[in-house]
Amino acid sequence: MTIPLRTHAIEAAPSSTLGPIPFPRLVRVEWAKATDTRAARWLLALVALSTAGMMLAPILAPTSFDQTYTSYLGVAALALSILLPVVAILMFTGEWSQRSAFATFTQEPRRIRVVNAKLAASMVMGSGAALCGGVVTAAGLGLASASGRVLEANLTLGATTGYLLFVLLNVLAGVALGALLQSSATAIAASFALPAAFAGLGTASTLVADWIDMSTTWSWVLENEWGGHVPQISVSVLFWVAVPLAAGVVRTIRRDVT
Amino acid sequence: MITTTALTKSYKKVPVVRDVSLRCEPGTITGFLGANGAGKSTTLKMIVGLVRPDRGTATIDGRPFVELPNPTRVVGTLLDASAMHPGRSGRATLTIAARLAGVPTGRVEHLLDLVGITDAAEKRVGTYSLGMRQRLGIAQALIGEPAALILDEPANGLDPDGIAWMRTLLRDFADHGGTVVLSSHLLHEVQATADHLVVISNGAVVAAGRLDDLLASSTILVRSPDPVALAAALQAARIDYIAGPDDALTVDISSGRVTTEVVAGVARDHQVLLTELRRSETNGLEQLFFSLTAAKAAAPQEAAA
């Protein structure tokens, strides 16, 4: 062997001179891990494509959609809410399904910091996706007005904030499911089945519809209709995000990596 | 320095690791030897915090692994070469490790070169053979310039050249003052690589010490034309033995109670003729291993290789 393994002798206890891994570095690495594989890039491309595709709906079917700025933005929001949670799920379940947890948790054994870094990276991703959704919306509005249509320019700061929150809530729901279920297939299936199941239950029970069904409560967020709905929205966020995420964090910290 | 104290772990009430205490000094290579399912991997995973022990502690340089601020800079680990994201290239895998560890990314190229996978660096890990993954895993373990290495079955999947290369690398690492722990179920692999040995069977340590000491003085070989009478005589004297090939019996003398003189005296007292009575040869690691783990043979196969 001609290549020296080390250029100097190994000294005792170098650990005392080293600080912990800075949190921004953890976030950057988690961001890289979420975007550097072929599968992840295809999925992100699919998110963009599906958003652009769905934006054609209000353009091609003007009678079925309000011809307003917020209505177009709402289409982008709904489009993003389909596949973006899957990207968030894979950020968490990939560690277990692809078994990279071995490397991740030996490099940073304080697993809560890894979870927090993934959360931060997922919020960056959600914000970026929301921005892309905004660009697609602008393009859609441009196309619609170019075809001679008059659109109501009703976009307010509140509506924009509601749009961003809606996208981030959907990402967070994916994060929570991924952290809790720790299996890509199970979590993705659950992310489609559970909201549909509760929407179905909502047709039978107004209690479920008003307090848990995210297609009702989170559309209030999207449509900036907070008045009188804050308790319901809060309960549904607890149900879909806070509780499963807390349980998922505990499970992630305690789980044996085998 | 890597130490463990009475590490114990059960899965679903089945004990997998029982009271395992180790002490691995800088400058040495400790071979952790045991059959598949003996508890080697689980022990190593408990040392690095991937598995929570039911009882017991493990420390690296006096601190639990999970309290090391940036563990990669202190101890490099390779616990499962197949546990890498298949969709990422070898270089990307190493780059992520380098960025987390906070070492210059130039070290990635150096290590790719060192482990001999530069030509395959852009290929996805999913296309790698097990031997290439082991090499990548070694590079990953070395990325943070650690002072210790913990490697689970590092020779798995390597060709003879690769195994020789790995031995040289680990010897060099230890000679520079590094601490190495490696596990193996292959006797000759451990014999050729390690200078200290810990034998684990059925989740418990059954022998530990310097390889030379364990091999030199652990057993004596005794042979008689009438092995049945000899066995009966030893039993009567409460001396444990293992029946070996060619009617020879092997007696464990590691406790110090039994010597060649004692055995000769027992044979005289029972009027058994001896034709051979001597220390076992030093290539007796296999014999030692089988004798120490003989109890394991009857026990049910346990989970967690």
# chains A, B, ... in the order shown; residues from 1 in each chain; ligands from 1
$ residues_around --residues "B:Ala81" --least-positions-apart "5" --cutoff "12 Å" --atoms "only C-alpha atoms" --output "list in words"
Arg99, Ser100, Phe102 and Ala103 of chain A; Pro86, Val125, Gly126, Tyr128, Ser129, Leu130, Gly131, Met132, Arg133, Gln134, Arg135, Leu136, Gly137, Ile138, Ala139, Gln140, Ala141, Leu151, Asp152, Glu153, Pro154, Ala155, Asn156, Gly157 and Leu158 of chain B
$ write_last_selection --atoms "C-alpha atoms" --output "CSV table (one decimal), in the first residue's frame"
chain,number,residue,atom,x,y,z
A,99,ARG,CA,-31.4,1.7,5.2
A,100,SER,CA,-29.4,4.8,5.1
A,102,PHE,CA,-27.2,3.3,9.6
A,103,ALA,CA,-25.0,6.1,8.2
B,86,PRO,CA,-28.8,2.4,-3.9
B,125,VAL,CA,-24.3,2.2,-5.4
B,126,GLY,CA,-27.2,-0.1,-6.4
B,128,TYR,CA,-22.0,-2.2,-6.9
B,129,SER,CA,-21.0,-5.7,-5.9
B,130,LEU,CA,-20.8,-6.5,-2.2
B,131,GLY,CA,-17.0,-6.2,-2.3
B,132,MET,CA,-17.2,-2.7,-3.8
B,133,ARG,CA,-19.8,-1.7,-1.2
B,134,GLN,CA,-17.4,-3.0,1.5
B,135,ARG,CA,-14.7,-0.8,0.0
B,136,LEU,CA,-17.0,2.2,-0.1
B,137,GLY,CA,-18.0,1.4,3.5
B,138,ILE,CA,-14.4,1.4,4.6
B,139,ALA,CA,-13.9,4.8,2.9
B,140,GLN,CA,-17.0,6.1,4.7
B,141,ALA,CA,-15.7,4.8,8.0
B,151,LEU,CA,-16.3,-2.9,11.4
B,152,ASP,CA,-18.9,-5.6,11.2
B,153,GLU,CA,-17.8,-8.5,8.9
B,154,PRO,CA,-15.6,-6.2,6.8
B,155,ALA,CA,-14.1,-9.1,4.8
B,156,ASN,CA,-17.5,-10.2,3.5
B,157,GLY,CA,-17.7,-10.2,-0.2
B,158,LEU,CA,-14.0,-9.2,-0.7
$ select_by_dssp --residues "stretch 67-251 of chain B" --states "strand (DSSP E)" --output "ChimeraX atom specification"
/B:75-78,148-152,179-184,196-201,204-210,219-223,241-243,249-251
$ atom_distance --atom1 "atom CA of A:Phe23" --atom2 "atom CA of A:Leu168"
21.1 Å
$ residues_around --residues "stretch 2-19 of chain B" --least-positions-apart "2" --cutoff "8 Å" --atoms "only C-alpha atoms" --output "ChimeraX atom specification"
/B:21-25,38-39,42-43,46-47,52-62,179,202-205,302-304
$ closest_residue --among "A:Gln107, A:Gln182, A:Ser64, A:Ser50" --to "chain B" --atoms "only C-alpha atoms"
A:Gln107
$ closest_residue --among "A:Gly200, A:Pro109, A:Pro244, A:Gly227" --to "B:Gly49" --atoms "only C-alpha atoms"
A:Pro109
$ interface_residues --of "chain B" --to "chain A" --cutoff "8 Å" --atoms "only C-alpha atoms" --output "VMD selection string"
chain B and resid 45 48 to 52 61 65 to 74 77 79 to 80 83 to 88 96 to 97 99 to 102 114 145 147 165 168 to 169 172 to 173 176 to 178 304
